[in-house]
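Visitor: Would you mind keeping the following structure in view while I ask a few things?
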Amino acid sequence: MRIGVFTALYQQFDFEEALDKAVAAGVSAVEIGVGGYPGSQHCRVDDLLAGAGERRAFLDAIQSRGLLLSALSVHNNPLHPDAAVARQADEDLRRAIRLAQGLGVPVVNGFSGLPAGAPGDTIPNWVTCPWPPEFLQMLDYQWNEVAVPYWRELEPYAAEHGVKIAFEMHPGMLVYNVETMLRLRAATGPALGCNFDPSHLWWNGVDAAAAVRALGEAIFHVHGKDCYVDPINVRVNGCNDHKPYDHILERAWTFRTIGYGHDAAVWKELLSALRLVGYDYVISIEHEDALMSNDEGLAKAIALLKEVVMVEQPGEMFWA
């Protein structure tokens with residue numbers, strides 16, 4: 001496995017400066033945003049789509065520094081009830097897929113998106129329980145009339161371009177846990193899978209290593225991000241929390257640098273589970289720790305990952 005970084009944390013730097021920062025930090029892979037919420041500060045998508053020379057120069061800047069481009073990321077909502085928003089998200093996603101093919105990148109990371117609760121609604125609606133009964137009607141509409149038809153069309157589009165789409169299982173999206181991830185994959189096809197980010201699962205009470213074993217070959221990419229669950233606040237209000245991220249003292253959970261939510265033993269179990277299911281690609285650090293600077297948070301995450309990541313192939317079981 002390789003340790004990488006999602007370059008969104010270097011938005012204030014230009015493309016090559018961000019690559020230099022990544023090399024100086026000690027990673028060997030980068031994940032780059034190409035639209036949606038992470039933006040495309042480090043990737044001129046239209047220019048790269050337009051010419052092979054531009055793509056070659058882009059890759060040379062990455063590879064000449066000893067880096068691997070692990071994924072392109074375009075986190076947005078192609079299921080949005082606002083037709084203009086959905087159309088832009090769809091266009092960005094399709095452009096990302098074509099660009100990934102042109103760059104030889106195997107995976108595009110993103111979200112499943114979230115529809116409205118019913119035709120005519122104007123904003124997305126995240127349903128988290130089955131009652132009152134109209135919630136089940138909303139879920140039926142979201143899945144069977146919006147999400148499955150859309151992704152059933154996009155899955156072969158990605159497959160035809162030799163690219164896989166990896167959903168981050170994220171709260172506020174239709175795919176937010178193992179069950180919903182596998183449900184959409186089964187309804188569409190094998191080119192849809194997940195960008196496994198344990199931070200969003202931990203605050204929901206999920207055992208990340210168990211989730212890895214359940215997902216298996218559906219894991220296409222992995223984010224390295226931790227989450228601290230505050231036991232005092234959870235005992236009072238539970239885990240669902242819509243307070244702003246900077247209200248850390250009052251929140252039930254907070255994104256943290258690797259090792260500051262779960263210790264090395266938990267990360268060792270998680271990385272071992274990934275190897276057990278055959279994942280041998282990149283752990284891409286996504287820094288979103290409000291208590292640390294970008295440089296310090298990334299450095300501490302790399303230090304712990306270097307302790308737990310297995311980089312050599314298993315040896316022969318001479319004892320068997």
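By convention here, the chains of the structure tokens are called A, B, ... in the order presented, each chain's residues are numbered starting at 1, and ligands are numbered starting at 1 in the order presented.
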Need to verify the contact set: segment 299-313 of chain A, 8 Å, only C-alpha atoms, exclusion of same-chain residues closer than 3 positions in sequence. Can you return it as an MDAnalysis selection string?

Guide: chainID A and resid 1:3 25:27 257:259 264 267:268 271 285 295:296

Visitor: Tell me which protein, DNA and RNA residues are within 12 Å of segment 203-207 of chain A, counting only C-alpha atoms, leaving out same-chain ones fewer than 3 positions away, and put them as a PyMOL selection string.

Guide: chain A and resi 128+169-171+176-179+197-200+210-214+226-231+234+238-241+251-256+261-262+266-267+269-270+273

Visitor: Out of A:Gln41, A:Gln63, A:Asn195, A:Gln12, which residue has the shortest atom-to-atom distance to Ile283 of chain A when counting only C-alpha atoms?

Guide: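 Looking at the shortest contact to Ile283 of chain A, the residue is A:Asn195.
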
Visitor: With only C-alpha atoms as the basis for distance, which of A:Asp46, A:Phe135, A:Asn233, A:Ala218 is at the shortest distance from Leu249 of chain A?

Guide: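 Among the listed residues, the smallest separation from Leu249 of chain A belongs to A:Asn233.
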
Visitor: Would you please give, as a ChimeraX atom specification, all residues of segment 36-70 of chain A that DSSP assigns to alpha helix (DSSP H) based on the backbone?

Guide: /A:45-50,52-63

Visitor: Nearest to Leu79 of chain A: which of A:Tyr141, A:Tyr150, A:Phe58, A:Phe15 is it, counting only C-alpha atoms?

Guide: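 Going through A:Tyr141, A:Tyr150, A:Phe58, A:Phe15 one by one, the smallest distance to Leu79 of chain A is for A:Tyr150.
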
Visitor: Mind checking which residues fall within 12 Å of Val5 of chain A, counting only C-alpha atoms, ignoring those fewer than 2 positions away in the same chain, and posting them as JSON, numbers by chain?

Guide: {"A": [2, 3, 7, 8, 9, 10, 18, 19, 21, 22, 23, 24, 25, 26, 27, 28, 29, 30, 31, 32, 33, 67, 68, 69, 70, 71, 72, 222, 223, 224, 225, 282, 283, 284, 285, 286, 287, 288, 294, 295, 297, 298, 299, 301, 302, 305]}
